[in-house]
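See below for the structure under consideration.
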Amino acid sequence: MINYKLPKNFNLNYFEEVDSTMLKLKKLASEGAKIGTIVSAKKQTQGRGRHGREWISPEGNLYFSFLRRAEEYNSGKIFAPVFITSIALAKTILIFSSSIDLKLKWPNDVLINNSKVAGILIESFKNNQNIKLLNIGVGINIVSNPSDTLYPSTNLLKEGISISSEEVLKCFFNCLNLYENILVNKGIGELFKIWNEYTYKIGTKISVKLGENNIQGAYNGIDEKGSLLLRKNDGKVIKIVAGEVFVL
Ligand code: BTN
């Protein structure tokens, strides 16, 4: 087993219990915490998921948030952090078990055997120097998962991967650096290529929840910015920048 070290550009703040690592990190940022600051906790009492949902956070799983700079709005890379984080998560899990059926579901869910094992929540804010930053929160089900969820969920242990949260955390930040470098040296197109290897096949039947509406159709890839392309049943392809995907 490789013994990963936390890369030097990250700085870990570990807590026994927090309300949410998102809130704790935002507070540290308001007090001057730098890019690369990580907040992780053994458990969260007010863990938050996407779409205002709760992220149930008992002891045993991995919960962390880290500070990253935001991409410029017109750079064409605005969604790069979403893709880098989800690819780094996928690679981390695959390092510990290469034989599992792992998939990334747009924009940023990680699934094993079609059940969610990890989620990402990204919030942007400005620090006291008016610099736009991203608070990137990651939850990974290491030993348990909630049972009453919108999607089926699972955990690494159940999928035969027995690994400590600490090892997963260190490995993740090494992978993250790798894909940040790919973005800088090869561009976002290369990241999309990698992401595409782990997602559903073009033509997979999906339903996308947009507010109160559900649109059904077929997955038609992502565009050059990372938006989802959905081929509706009438053949028209529409672009979706935010929504929730259900594989049918
Ligand atoms: C999702 O809904 O898929 C995103 C879940 C993100 C959960 C993580 S756990 C660490 C961080 N702190 C939170 O309160 N939420 C994120």
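Labels used: A, B, ... for chains in the order of the structure tokens, numbers from 1 for residues in each chain, and numbers from 1 for ligands as shown.
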
Do you know which residues are within 6 Å of ligand 1 using only C-alpha atoms and all ligand atoms? Can you write them as a PyMOL selection string? chain A and resi 20-22+47-50+55+63-65+119-121+137-139

Where in segment 53-214 of chain A does DSSP assign strand (DSSP E or B), given as an NGL selection string? :A and (54 or 62-69 or 102-105 or 109-112 or 115-126 or 132-140 or 153 or 205-210 or 213-214)

Kindly save the residues from that selection, with C-alpha atoms included, as a PDB file, in the first residue's frame.
ATOM      1  CA  GLU A  54     -28.889  17.529   4.192  1.00  0.00           C
ATOM      2  CA  LEU A  62     -14.844  11.504   5.101  1.00  0.00           C
ATOM      3  CA  TYR A  63     -15.954  15.138   5.099  1.00  0.00           C
ATOM      4  CA  PHE A  64     -13.789  18.004   3.942  1.00  0.00           C
ATOM      5  CA  SER A  65     -13.808  21.393   2.212  1.00  0.00           C
ATOM      6  CA  PHE A  66     -10.920  23.202   0.596  1.00  0.00           C
ATOM      7  CA  LEU A  67     -10.253  26.666  -0.773  1.00  0.00           C
ATOM      8  CA  ARG A  68      -9.481  27.093  -4.469  1.00  0.00           C
ATOM      9  CA  ARG A  69      -9.271  30.173  -6.623  1.00  0.00           C
ATOM     10  CA  LEU A 102     -17.260   3.390 -11.117  1.00  0.00           C
ATOM     11  CA  LYS A 103     -19.062   6.142 -12.988  1.00  0.00           C
ATOM     12  CA  LEU A 104     -19.213   9.921 -12.888  1.00  0.00           C
ATOM     13  CA  LYS A 105     -22.670  11.379 -13.322  1.00  0.00           C
ATOM     14  CA  ASP A 109     -21.619  12.605  -8.500  1.00  0.00           C
ATOM     15  CA  VAL A 110     -19.448   9.530  -8.076  1.00  0.00           C
ATOM     16  CA  LEU A 111     -21.288   6.228  -8.366  1.00  0.00           C
ATOM     17  CA  ILE A 112     -20.245   2.632  -7.795  1.00  0.00           C
ATOM     18  CA  SER A 115     -25.174   3.919  -6.330  1.00  0.00           C
ATOM     19  CA  LYS A 116     -23.810   7.229  -5.065  1.00  0.00           C
ATOM     20  CA  VAL A 117     -20.630   6.926  -3.013  1.00  0.00           C
ATOM     21  CA  ALA A 118     -19.440  10.550  -2.985  1.00  0.00           C
ATOM     22  CA  GLY A 119     -20.760  14.031  -3.636  1.00  0.00           C
ATOM     23  CA  ILE A 120     -19.318  17.469  -4.253  1.00  0.00           C
ATOM     24  CA  LEU A 121     -20.740  20.835  -3.245  1.00  0.00           C
ATOM     25  CA  ILE A 122     -19.132  23.990  -4.634  1.00  0.00           C
ATOM     26  CA  GLU A 123     -19.912  27.463  -3.308  1.00  0.00           C
ATOM     27  CA  SER A 124     -18.293  30.683  -4.459  1.00  0.00           C
ATOM     28  CA  PHE A 125     -17.715  33.769  -2.353  1.00  0.00           C
ATOM     29  CA  LYS A 126     -15.447  36.810  -2.159  1.00  0.00           C
ATOM     30  CA  LYS A 132     -13.451  35.330  -5.770  1.00  0.00           C
ATOM     31  CA  LEU A 133     -12.787  31.956  -4.161  1.00  0.00           C
ATOM     32  CA  LEU A 134     -14.378  28.538  -4.260  1.00  0.00           C
ATOM     33  CA  ASN A 135     -15.299  26.546  -1.198  1.00  0.00           C
ATOM     34  CA  ILE A 136     -15.242  22.977  -2.504  1.00  0.00           C
ATOM     35  CA  GLY A 137     -16.853  20.429  -0.186  1.00  0.00           C
ATOM     36  CA  VAL A 138     -16.477  16.689  -0.631  1.00  0.00           C
ATOM     37  CA  GLY A 139     -18.258  13.901   1.218  1.00  0.00           C
ATOM     38  CA  ILE A 140     -17.180  10.286   0.701  1.00  0.00           C
ATOM     39  CA  SER A 153     -26.318   5.120  -2.207  1.00  0.00           C
ATOM     40  CA  LYS A 205     -31.645   7.459 -21.459  1.00  0.00           C
ATOM     41  CA  ILE A 206     -31.776  10.133 -18.786  1.00  0.00           C
ATOM     42  CA  SER A 207     -34.206  12.483 -17.133  1.00  0.00           C
ATOM     43  CA  VAL A 208     -33.080  15.943 -16.063  1.00  0.00           C
ATOM     44  CA  LYS A 209     -34.832  17.801 -13.270  1.00  0.00           C
ATOM     45  CA  LEU A 210     -34.865  21.539 -13.930  1.00  0.00           C
ATOM     46  CA  ASN A 213     -39.825  20.226 -14.585  1.00  0.00           C
ATOM     47  CA  ASN A 214     -38.400  16.920 -15.723  1.00  0.00           C
TER      48      ASN A 214
END

Between atom CA of Leu157 of chain A and atom CA of Glu17 of chain A, what is the distance in Å, rounded to a tenth?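 Interatomic distance, atom CA of Leu157 of chain A to atom CA of Glu17 of chain A: 22.5 Å.
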
Have a look at A:Trp106, A:Tyr219, A:Tyr151, A:Phe79 and name the one nearest to Tyr198 of chain A; count only C-alpha atoms.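 Checking each of A:Trp106, A:Tyr219, A:Tyr151, A:Phe79 against Tyr198 of chain A, counting only C-alpha atoms, the winner is A:Trp106.
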
Need to verify the contact set: segment 6-10 of chain A, 9 Å, only C-alpha atoms, exclusion of same-chain residues closer than 2 positions in sequence. Can you return it as a PyMOL selection string? chain A and resi 4+12+35-38+66+169-174+177

Restricted to N, CA and C atoms, what would the selected residues look like written as a CSV table (one decimal), in the first residue's frame?
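So the final result, stored in out-v6.csv, reads:
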chain,number,residue,atom,x,y,z
A,4,TYR,N,0.6,7.8,1.1
A,4,TYR,CA,0.5,9.2,0.5
A,4,TYR,C,0.8,10.2,1.6
A,12,LEU,N,-3.9,21.2,6.2
A,12,LEU,CA,-5.1,20.6,6.8
A,12,LEU,C,-5.4,21.1,8.2
A,35,ILE,N,-5.6,30.0,-0.1
A,35,ILE,CA,-5.9,29.0,-1.0
A,35,ILE,C,-5.1,27.7,-0.6
A,36,GLY,N,-5.8,26.6,-0.7
A,36,GLY,CA,-5.1,25.4,-0.2
A,36,GLY,C,-5.4,25.0,1.2
A,37,THR,N,-6.2,25.8,1.9
A,37,THR,CA,-6.6,25.5,3.2
A,37,THR,C,-7.7,24.4,3.2
A,38,ILE,N,-7.5,23.4,4.0
A,38,ILE,CA,-8.5,22.3,4.0
A,38,ILE,C,-9.1,22.3,5.4
A,66,PHE,N,-12.2,22.5,0.8
A,66,PHE,CA,-10.9,23.2,0.6
A,66,PHE,C,-11.1,24.5,-0.2
A,169,LEU,N,-8.1,10.9,2.0
A,169,LEU,CA,-7.9,12.4,1.9
A,169,LEU,C,-6.5,12.7,1.3
A,170,LYS,N,-5.5,12.1,1.7
A,170,LYS,CA,-4.1,12.4,1.2
A,170,LYS,C,-4.0,12.0,-0.3
A,171,CYS,N,-4.6,10.9,-0.6
A,171,CYS,CA,-4.5,10.4,-2.0
A,171,CYS,C,-5.3,11.4,-2.9
A,172,PHE,N,-6.5,11.9,-2.4
A,172,PHE,CA,-7.3,12.8,-3.2
A,172,PHE,C,-6.5,14.0,-3.6
A,173,PHE,N,-5.8,14.6,-2.6
A,173,PHE,CA,-5.1,15.9,-2.9
A,173,PHE,C,-3.9,15.7,-3.8
A,174,ASN,N,-3.3,14.5,-3.8
A,174,ASN,CA,-2.3,14.2,-4.8
A,174,ASN,C,-2.9,14.1,-6.2
A,177,ASN,N,-3.8,17.6,-7.5
A,177,ASN,CA,-2.7,18.3,-8.1
A,177,ASN,C,-2.4,17.9,-9.5

Mind checking DSSP for segment 20-241 of chain A and telling me the helix (DSSP H, G or I) residues as a count of residues only? 65

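Between atom CA of Gly203 of chain A and atom CA of Ala242 of chain A lies a distance of 19.7 Å.
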
Please report the interatomic distance between atom CA of Glu190 of chain A and atom CA of Ala80 of chain A in Å with one decimal.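 Atom-to-atom, atom CA of Glu190 of chain A and atom CA of Ala80 of chain A are spaced 10.9 Å apart.
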
Write out as a tab-separated table (two decimals) with N, CA, C and O atoms, in the first residue's frame the residues lying within 12 Å of Gly226 of chain A, counting only C-alpha atoms and excluding same-chain residues fewer than 3 positions away.
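Output contents, as saved in result-v9.tsv:
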chain	number	residue	atom	x	y	z
A	76	GLY	N	-13.68	30.36	-20.21
A	76	GLY	CA	-14.09	29.07	-20.79
A	76	GLY	C	-13.79	27.93	-19.83
A	76	GLY	O	-14.01	26.76	-20.15
A	77	LYS	N	-13.27	28.28	-18.64
A	77	LYS	CA	-12.88	27.22	-17.69
A	77	LYS	C	-13.69	27.29	-16.39
A	77	LYS	O	-13.29	26.75	-15.37
A	78	ILE	N	-14.80	28.02	-16.47
A	78	ILE	CA	-15.56	28.29	-15.25
A	78	ILE	C	-15.96	26.99	-14.52
A	78	ILE	O	-15.99	26.92	-13.30
A	79	PHE	N	-16.23	25.91	-15.31
A	79	PHE	CA	-16.64	24.65	-14.69
A	79	PHE	C	-15.46	23.71	-14.43
A	79	PHE	O	-15.66	22.58	-13.98
A	80	ALA	N	-14.25	24.16	-14.75
A	80	ALA	CA	-13.07	23.27	-14.57
A	80	ALA	C	-12.98	22.69	-13.16
A	80	ALA	O	-12.71	21.49	-13.01
A	81	PRO	N	-13.20	23.49	-12.11
A	81	PRO	CA	-13.07	22.92	-10.75
A	81	PRO	C	-14.01	21.74	-10.48
A	81	PRO	O	-13.63	20.79	-9.79
A	82	VAL	N	-15.22	21.79	-11.06
A	82	VAL	CA	-16.17	20.69	-10.89
A	82	VAL	C	-15.58	19.41	-11.48
A	82	VAL	O	-15.59	18.34	-10.87
A	83	PHE	N	-15.04	19.55	-12.69
A	83	PHE	CA	-14.53	18.37	-13.40
A	83	PHE	C	-13.24	17.86	-12.75
A	83	PHE	O	-13.05	16.66	-12.59
A	84	ILE	N	-12.34	18.79	-12.37
A	84	ILE	CA	-11.09	18.36	-11.74
A	84	ILE	C	-11.40	17.60	-10.45
A	84	ILE	O	-10.82	16.54	-10.18
A	106	TRP	N	-22.95	13.50	-14.45
A	106	TRP	CA	-22.91	14.96	-14.57
A	106	TRP	C	-23.80	15.63	-13.52
A	106	TRP	O	-24.90	15.15	-13.30
A	107	PRO	N	-23.38	16.70	-12.87
A	107	PRO	CA	-22.06	17.28	-13.08
A	107	PRO	C	-20.98	16.65	-12.21
A	107	PRO	O	-19.83	16.63	-12.61
A	108	ASN	N	-21.34	16.11	-11.02
A	108	ASN	CA	-20.23	15.74	-10.14
A	108	ASN	C	-20.55	14.67	-9.10
A	108	ASN	O	-20.00	14.69	-8.01
A	188	ILE	N	-8.57	22.48	-20.88
A	188	ILE	CA	-9.79	21.85	-20.34
A	188	ILE	C	-10.28	20.70	-21.20
A	188	ILE	O	-10.89	19.75	-20.72
A	189	GLY	N	-9.96	20.76	-22.51
A	189	GLY	CA	-10.38	19.69	-23.43
A	189	GLY	C	-9.84	18.34	-22.97
A	189	GLY	O	-10.54	17.31	-23.06
A	190	GLU	N	-8.64	18.34	-22.48
A	190	GLU	CA	-8.02	17.09	-22.01
A	190	GLU	C	-8.76	16.56	-20.77
A	190	GLU	O	-8.97	15.35	-20.64
A	191	LEU	N	-9.16	17.49	-19.90
A	191	LEU	CA	-9.93	17.06	-18.72
A	191	LEU	C	-11.26	16.45	-19.13
A	191	LEU	O	-11.68	15.44	-18.58
A	192	PHE	N	-11.92	17.08	-20.11
A	192	PHE	CA	-13.20	16.54	-20.56
A	192	PHE	C	-13.02	15.13	-21.14
A	192	PHE	O	-13.86	14.26	-20.94
A	193	LYS	N	-11.89	14.94	-21.85
A	193	LYS	CA	-11.62	13.61	-22.42
A	193	LYS	C	-11.55	12.58	-21.30
A	193	LYS	O	-12.12	11.49	-21.40
A	195	TRP	N	-12.75	12.86	-18.21
A	195	TRP	CA	-14.08	12.74	-17.56
A	195	TRP	C	-15.00	11.83	-18.38
A	195	TRP	O	-15.72	11.00	-17.83
A	196	ASN	N	-14.94	12.00	-19.72
A	196	ASN	CA	-15.80	11.20	-20.60
A	196	ASN	C	-15.55	9.70	-20.47
A	196	ASN	O	-16.45	8.90	-20.69
A	220	ASN	N	-26.20	13.32	-24.52
A	220	ASN	CA	-25.54	13.59	-25.80
A	220	ASN	C	-24.17	14.24	-25.59
A	220	ASN	O	-23.70	15.02	-26.40
A	221	GLY	N	-23.55	13.94	-24.44
A	221	GLY	CA	-22.20	14.45	-24.18
A	221	GLY	C	-22.24	15.80	-23.48
A	221	GLY	O	-23.28	16.25	-22.99
A	222	ILE	N	-21.06	16.43	-23.44
A	222	ILE	CA	-20.96	17.77	-22.84
A	222	ILE	C	-20.37	18.70	-23.91
A	222	ILE	O	-19.68	18.25	-24.82
A	223	ASP	N	-20.65	20.01	-23.77
A	223	ASP	CA	-20.10	20.94	-24.76
A	223	ASP	C	-18.72	21.42	-24.33
A	223	ASP	O	-18.16	20.93	-23.33
A	229	LEU	N	-25.41	18.16	-22.65
A	229	LEU	CA	-26.23	18.19	-23.87
A	229	LEU	C	-27.25	17.05	-23.79
A	229	LEU	O	-26.88	15.90	-23.57
A	239	LYS	N	-28.98	22.51	-24.27
A	239	LYS	CA	-27.82	22.63	-23.40
A	239	LYS	C	-28.31	22.91	-21.97
A	239	LYS	O	-29.18	23.75	-21.77
A	240	ILE	N	-27.73	22.23	-21.00
A	240	ILE	CA	-28.17	22.41	-19.61
A	240	ILE	C	-26.96	22.79	-18.76
A	240	ILE	O	-25.96	22.08	-18.75
A	241	VAL	N	-27.03	23.94	-18.07
A	241	VAL	CA	-25.90	24.35	-17.23
A	241	VAL	C	-26.06	23.95	-15.77
A	241	VAL	O	-25.07	23.79	-15.07
A	242	ALA	N	-27.30	23.77	-15.34
A	242	ALA	CA	-27.51	23.33	-13.96
A	242	ALA	C	-28.77	22.49	-13.91
A	242	ALA	O	-29.79	22.87	-14.48

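Closest to Ile182 of chain A among A:Leu156, A:Val39, A:Ile87, A:Leu94 is A:Ile87, based on only C-alpha atoms.
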
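Between Val245 of chain A and the residues A:Val168, A:Ala90, A:Val184, A:Leu150, the shortest atom-to-atom distance, using only C-alpha atoms, involves A:Leu150.
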
Gly32 of chain A surroundings by only C-alpha atoms, 9 Å radius, close-in-sequence under 3 positions cut, as a ChimeraX atom specification: /A:27-29,127-128

With only C-alpha atoms as the basis for distance, which of A:Gln129, A:Ser147, A:Thr199, A:Ser162 is at the shortest distance from Ser86 of chain A? A:Thr199

Counting only C-alpha atoms, the residue of A:Ser30, A:Ile202, A:Glu159, A:Ile93 that sits nearest Asn130 of chain A: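 Nearest to Asn130 of chain A: A:Ser30.
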